[in-house]
Amino acid sequence: MRERLLAMEKVKSIDWCEGRLRLLDQRRLPMQEIWHTCDTAADVASAIREMVVRGAPAIGICAAYGLAMGLRARLAKEGDWRLALEEDFRLLAESRPTAANLFWALRQMRERLERLKPGEDPLVALEAQAASIHASDREANLTMAQFGLELIRKHRGSPQNLLTHCNTGALASGGFGTALGVIRAAHLGGLVECVYVGETRPWLQGSRLTAWELQGEGVPVCVHADSAAAHLLKTRAISWIIVGADRIAANGDVANKIGTYSLAVLAMHHGVRFMVVASTSAIDLTLESGDDIPLEERAGTELLEVNGQRCAADVETFNPVFDITPADLIDVIVTEKGVVERPSTAGIEALLSHRRLH
């Protein structure tokens with residue numbers, strides 16, 4: 001399966017070359033494939049904030065490369081580069097508040113600096129650490145794809161209808177994707193009849209990005225309005241809803257793209273299994289439950305305008321980017337270290353102690 005997934009890889013959204021970070025601008029897809037170049041930590045923070053790059057794993061990877069570029073600039077100036085670099089840590093940390101992978105990646109970079117040996121080049125060390133974070137995410141995706149495939153096959157060995165939300169593919173990660181990586185593996189395993197993809201308003205990551213990725217790889221895909229999900233679950237024999245996660249609390253509560261919570265409620269009512277796929281870097285043990293996860297809200301113009309043109313009344317808006325899905329609505333969390341069925345605090349703790357659960 002690993003070799004077949006590798007052969008399937010067509011989309012690349014993050015490119016680190018000669019000390020510069022190039023990003024496939026996800027605001028322009030699928031109509032235009034335009035690459036955006038970042039030369040500084042501030043450029044990367046802006047790209048994250050402005051949605052040039054999105055998806056929790058990809059945000060973390062880009063932040064790591066951004067810090068390396070920040071260090072390069074600090075070393076070129078006189079003064080205490082360690083003290084000056086704290087500004088880049090702060091700038092990148094503030095770019096998106098919910099994605100745990102962002103803060104995990106920055107911690108990895110800080111810890112690498114703390115392990116510098118006498119005479120070691122800090123820039124070489126940080127660039128290598130960023131590249132390692134990028135490569136490890138890609139490997140984690142391949143492992144999660146296999147675990148998720150086993151669960152889908154165990155549930156039912158024949159082709160199935162799956163439903164996903166937002167974009168969790170190669171565009172949102174270091175390669176292959178989290179939830180979409182599992183769906184890719186299921187397709188290769190002959191287990192996919194059709195993948196139903198919600199539009200994911202207001203940025204349309206489902207219809208613009210996920211559908212584009214799946215179509216390009218020959219996976220049967222059907223886009224639906226977000227509000228059609230209940231009707232789909234009632235009429236189209238969906239067997240699994242498979243989503244990603246931006247942060248997972250210690251008890252297994254999950255923060256993910258707005259609309260995930262409602263899908264989990266609908267899944268429970270219709271007897272559809274609900275799978276969350278995310279690397280362990282998304283798990284935040286400092287937060288006891290989902291109530292403690294900070295949830296980003298964005299400008300109301302995202303709801304009131306399309307391509308800069310107003311399409312709604314001039315009114316107040318509520319535009320949360322994420323919601324919290326309680327652990328008791330989740331059948332299984334899939335990570336690169338194994339799976340947790342019916343997630344709980346004990347289950348998450350056991351997973352992180354490297355005991356695979358079934």
# chains A, B, ... in the order shown; residues from 1 in each chain; ligands from 1

$ closest_atom_pairs --of "stretch 145-230 of chain A" --to "stretch 9-19 of chain A" --cutoff "12 Å" --atoms "only C-alpha atoms" --output "JSON lines"
{"residue": "A:Gly169", "atom": "CA", "partner": "A:Val11", "partner_atom": "CA", "distance": 8.9}
{"residue": "A:Ala170", "atom": "CA", "partner": "A:Val11", "partner_atom": "CA", "distance": 6.0}
{"residue": "A:Leu171", "atom": "CA", "partner": "A:Ser13", "partner_atom": "CA", "distance": 5.4}
{"residue": "A:Ala172", "atom": "CA", "partner": "A:Ser13", "partner_atom": "CA", "distance": 8.0}
{"residue": "A:Ser173", "atom": "CA", "partner": "A:Ser13", "partner_atom": "CA", "distance": 8.3}
{"residue": "A:Gly174", "atom": "CA", "partner": "A:Ile14", "partner_atom": "CA", "distance": 7.3}
{"residue": "A:Gly175", "atom": "CA", "partner": "A:Lys12", "partner_atom": "CA", "distance": 6.9}
{"residue": "A:Phe176", "atom": "CA", "partner": "A:Glu9", "partner_atom": "CA", "distance": 6.7}
{"residue": "A:Gly177", "atom": "CA", "partner": "A:Glu9", "partner_atom": "CA", "distance": 10.3}
{"residue": "A:Gly181", "atom": "CA", "partner": "A:Glu9", "partner_atom": "CA", "distance": 10.3}
{"residue": "A:Arg184", "atom": "CA", "partner": "A:Glu9", "partner_atom": "CA", "distance": 9.9}
{"residue": "A:Ala185", "atom": "CA", "partner": "A:Glu9", "partner_atom": "CA", "distance": 11.5}
{"residue": "A:Leu209", "atom": "CA", "partner": "A:Val11", "partner_atom": "CA", "distance": 10.8}
{"residue": "A:Thr210", "atom": "CA", "partner": "A:Val11", "partner_atom": "CA", "distance": 11.3}
{"residue": "A:Trp212", "atom": "CA", "partner": "A:Val11", "partner_atom": "CA", "distance": 10.0}
{"residue": "A:Glu213", "atom": "CA", "partner": "A:Val11", "partner_atom": "CA", "distance": 7.4}
{"residue": "A:Leu214", "atom": "CA", "partner": "A:Val11", "partner_atom": "CA", "distance": 10.3}
{"residue": "A:Gln215", "atom": "CA", "partner": "A:Lys10", "partner_atom": "CA", "distance": 11.3}
{"residue": "A:Gly216", "atom": "CA", "partner": "A:Lys10", "partner_atom": "CA", "distance": 8.0}
{"residue": "A:Glu217", "atom": "CA", "partner": "A:Lys10", "partner_atom": "CA", "distance": 7.6}
{"residue": "A:Gly218", "atom": "CA", "partner": "A:Lys10", "partner_atom": "CA", "distance": 11.3}

$ write_last_selection --atoms "all heavy atoms" --output "short mmCIF file (atom, residue, chain, number, x, y, z; two decimals), in the first residue's frame"
data_model
loop_
_atom_site.label_atom_id
_atom_site.label_comp_id
_atom_site.auth_asym_id
_atom_site.auth_seq_id
_atom_site.Cartn_x
_atom_site.Cartn_y
_atom_site.Cartn_z
N GLY A 169 -5.98 17.04 2.76
CA GLY A 169 -5.13 16.29 1.85
C GLY A 169 -3.71 16.79 1.79
O GLY A 169 -3.18 17.37 2.75
N ALA A 170 -3.08 16.59 0.64
CA ALA A 170 -1.70 17.02 0.46
C ALA A 170 -1.58 18.53 0.59
O ALA A 170 -0.53 19.05 1.00
CB ALA A 170 -1.20 16.56 -0.91
N LEU A 171 -2.63 19.26 0.25
CA LEU A 171 -2.61 20.71 0.36
C LEU A 171 -2.54 21.17 1.81
O LEU A 171 -2.05 22.26 2.11
CB LEU A 171 -3.86 21.31 -0.29
CG LEU A 171 -3.96 21.19 -1.80
CD1 LEU A 171 -5.35 21.60 -2.27
CD2 LEU A 171 -2.90 22.04 -2.48
N ALA A 172 -3.02 20.35 2.74
CA ALA A 172 -3.10 20.73 4.14
C ALA A 172 -2.01 20.11 5.00
O ALA A 172 -2.03 20.26 6.22
CB ALA A 172 -4.47 20.32 4.69
N SER A 173 -1.06 19.44 4.37
CA SER A 173 -0.08 18.67 5.14
C SER A 173 1.26 18.61 4.41
O SER A 173 1.46 19.27 3.40
CB SER A 173 -0.61 17.24 5.35
OG SER A 173 -0.70 16.56 4.11
N GLY A 174 2.13 17.77 4.94
CA GLY A 174 3.43 17.58 4.30
C GLY A 174 3.36 16.63 3.12
O GLY A 174 4.36 16.42 2.42
N GLY A 175 2.20 16.04 2.87
CA GLY A 175 2.03 15.12 1.75
C GLY A 175 1.01 14.05 2.07
O GLY A 175 0.96 13.55 3.19
N PHE A 176 0.13 13.72 1.11
CA PHE A 176 -0.88 12.67 1.20
C PHE A 176 -2.09 13.10 2.02
O PHE A 176 -3.21 12.89 1.60
CB PHE A 176 -0.31 11.36 1.77
CG PHE A 176 0.81 10.81 0.97
CD1 PHE A 176 2.11 10.91 1.42
CD2 PHE A 176 0.59 10.23 -0.27
CE1 PHE A 176 3.16 10.42 0.66
CE2 PHE A 176 1.63 9.74 -1.03
CZ PHE A 176 2.92 9.84 -0.57
N GLY A 177 -1.88 13.66 3.20
CA GLY A 177 -2.99 14.12 4.00
C GLY A 177 -3.34 13.21 5.14
O GLY A 177 -2.86 12.08 5.25
N GLY A 181 -5.81 11.24 3.32
CA GLY A 181 -4.87 10.15 3.12
C GLY A 181 -5.52 8.80 3.35
O GLY A 181 -5.29 7.83 2.61
N ARG A 184 -7.73 8.15 0.38
CA ARG A 184 -6.91 7.70 -0.76
C ARG A 184 -6.57 6.22 -0.63
O ARG A 184 -6.65 5.46 -1.60
CB ARG A 184 -5.61 8.52 -0.82
CG ARG A 184 -5.77 9.93 -1.34
CD ARG A 184 -4.38 10.55 -1.50
NE ARG A 184 -4.46 11.77 -2.25
CZ ARG A 184 -4.49 13.00 -1.71
NH1 ARG A 184 -4.44 13.13 -0.40
NH2 ARG A 184 -4.57 14.07 -2.47
N ALA A 185 -6.15 5.82 0.57
CA ALA A 185 -5.81 4.41 0.77
C ALA A 185 -7.02 3.52 0.58
O ALA A 185 -6.92 2.42 0.00
CB ALA A 185 -5.22 4.23 2.18
N LEU A 209 -10.85 22.60 -3.02
CA LEU A 209 -9.57 21.93 -2.79
C LEU A 209 -9.68 20.41 -2.71
O LEU A 209 -8.99 19.69 -3.44
CB LEU A 209 -8.92 22.48 -1.51
CG LEU A 209 -8.76 24.00 -1.44
CD1 LEU A 209 -8.13 24.41 -0.11
CD2 LEU A 209 -7.93 24.52 -2.61
N THR A 210 -10.55 19.93 -1.84
CA THR A 210 -10.67 18.47 -1.69
C THR A 210 -11.18 17.82 -2.97
O THR A 210 -10.62 16.81 -3.43
CB THR A 210 -11.60 18.13 -0.51
OG1 THR A 210 -11.01 18.62 0.70
CG2 THR A 210 -11.83 16.64 -0.41
N TRP A 212 -10.92 18.92 -5.95
CA TRP A 212 -9.85 19.05 -6.95
C TRP A 212 -8.79 17.97 -6.75
O TRP A 212 -8.34 17.34 -7.72
CB TRP A 212 -9.24 20.45 -6.84
CG TRP A 212 -8.10 20.72 -7.76
CD1 TRP A 212 -8.15 20.90 -9.11
CD2 TRP A 212 -6.72 20.88 -7.38
NE1 TRP A 212 -6.88 21.16 -9.61
CE2 TRP A 212 -5.99 21.15 -8.56
CE3 TRP A 212 -6.04 20.83 -6.16
CZ2 TRP A 212 -4.61 21.36 -8.56
CZ3 TRP A 212 -4.67 21.04 -6.16
CH2 TRP A 212 -3.97 21.29 -7.35
N GLU A 213 -8.39 17.74 -5.50
CA GLU A 213 -7.38 16.70 -5.23
C GLU A 213 -7.92 15.33 -5.62
O GLU A 213 -7.23 14.54 -6.28
CB GLU A 213 -6.99 16.70 -3.75
CG GLU A 213 -6.06 17.83 -3.32
CD GLU A 213 -5.40 17.55 -1.99
OE1 GLU A 213 -4.78 16.47 -1.86
OE2 GLU A 213 -5.48 18.41 -1.09
N LEU A 214 -9.12 15.00 -5.19
CA LEU A 214 -9.67 13.67 -5.46
C LEU A 214 -9.91 13.45 -6.95
O LEU A 214 -9.59 12.39 -7.49
CB LEU A 214 -10.98 13.48 -4.68
CG LEU A 214 -10.85 13.41 -3.16
CD1 LEU A 214 -12.23 13.34 -2.51
CD2 LEU A 214 -10.01 12.20 -2.74
N GLN A 215 -10.46 14.45 -7.62
CA GLN A 215 -10.71 14.31 -9.06
C GLN A 215 -9.41 14.07 -9.81
O GLN A 215 -9.35 13.26 -10.74
CB GLN A 215 -11.41 15.56 -9.58
CG GLN A 215 -11.75 15.49 -11.07
CD GLN A 215 -12.34 16.79 -11.57
OE1 GLN A 215 -11.77 17.85 -11.37
NE2 GLN A 215 -13.50 16.70 -12.23
N GLY A 216 -8.35 14.78 -9.40
CA GLY A 216 -7.06 14.63 -10.07
C GLY A 216 -6.45 13.26 -9.90
O GLY A 216 -5.57 12.88 -10.68
N GLU A 217 -6.92 12.50 -8.92
CA GLU A 217 -6.38 11.17 -8.66
C GLU A 217 -7.37 10.07 -9.05
O GLU A 217 -7.17 8.90 -8.73
CB GLU A 217 -5.98 11.05 -7.19
CG GLU A 217 -4.83 12.00 -6.84
CD GLU A 217 -4.52 12.01 -5.35
OE1 GLU A 217 -5.19 11.27 -4.61
OE2 GLU A 217 -3.62 12.75 -4.94
N GLY A 218 -8.45 10.46 -9.71
CA GLY A 218 -9.41 9.47 -10.19
C GLY A 218 -10.29 8.87 -9.12
O GLY A 218 -10.87 7.79 -9.33
#

$ residues_around --residues "stretch 84-88 of chain A" --least-positions-apart "5" --cutoff "7 Å" --atoms "only C-alpha atoms" --output "list in words"
Ala41, Leu67, Gly70, Leu71 and Arg74 of chain A

$ write_last_selection --atoms "C-alpha atoms" --output "PDB file, in the first residue's frame"
ATOM      1  CA  ALA A  41       9.369  34.902   9.114  1.00  0.00           C
ATOM      2  CA  LEU A  67      11.659  30.413  12.006  1.00  0.00           C
ATOM      3  CA  GLY A  70      13.978  34.434  10.819  1.00  0.00           C
ATOM      4  CA  LEU A  71      17.174  33.086  12.334  1.00  0.00           C
ATOM      5  CA  ARG A  74      18.864  37.730  12.950  1.00  0.00           C
TER       6      ARG A  74
END

$ residues_around --residues "A:Leu123" --least-positions-apart "6" --cutoff "12 Å" --atoms "only C-alpha atoms" --output "list in words"
Gly19, Tyr65, Gly66, Leu67, Ala68, Met69, Gly70, Leu71, Arg72, Ala73, Arg74, Leu75, Ala76, Trp81, Arg82, Leu85, Met109, Arg112, Leu113, Leu116, Gln129 and Ala130 of chain A

$ atom_distance --atom1 "atom CA of A:Arg208" --atom2 "atom CA of A:Pro30"
5.9 Å

$ select_by_dssp --residues "stretch 23-268 of chain A" --states "strand (DSSP E)" --output "VMD selection string"
chain A and resid 23 to 24 35 to 38 160 to 164 192 to 198 221 to 224 238 to 243 247 to 249 254 to 257

$ select_by_dssp --residues "stretch 146-300 of chain A" --states "helix (DSSP H, G or I)" --output "PyMOL selection string"
chain A and resi 146-155+170-172+179-188+205-216+226-235+260-270+280-282+290-292

$ closest_residue --among "A:Ala64, A:Leu304, A:Leu5, A:Ala264" --to "A:Ala128" --atoms "only C-alpha atoms"
A:Ala64

$ atom_distance --atom1 "atom CA of A:Asp253" --atom2 "atom CA of A:Val195"
25.0 Å
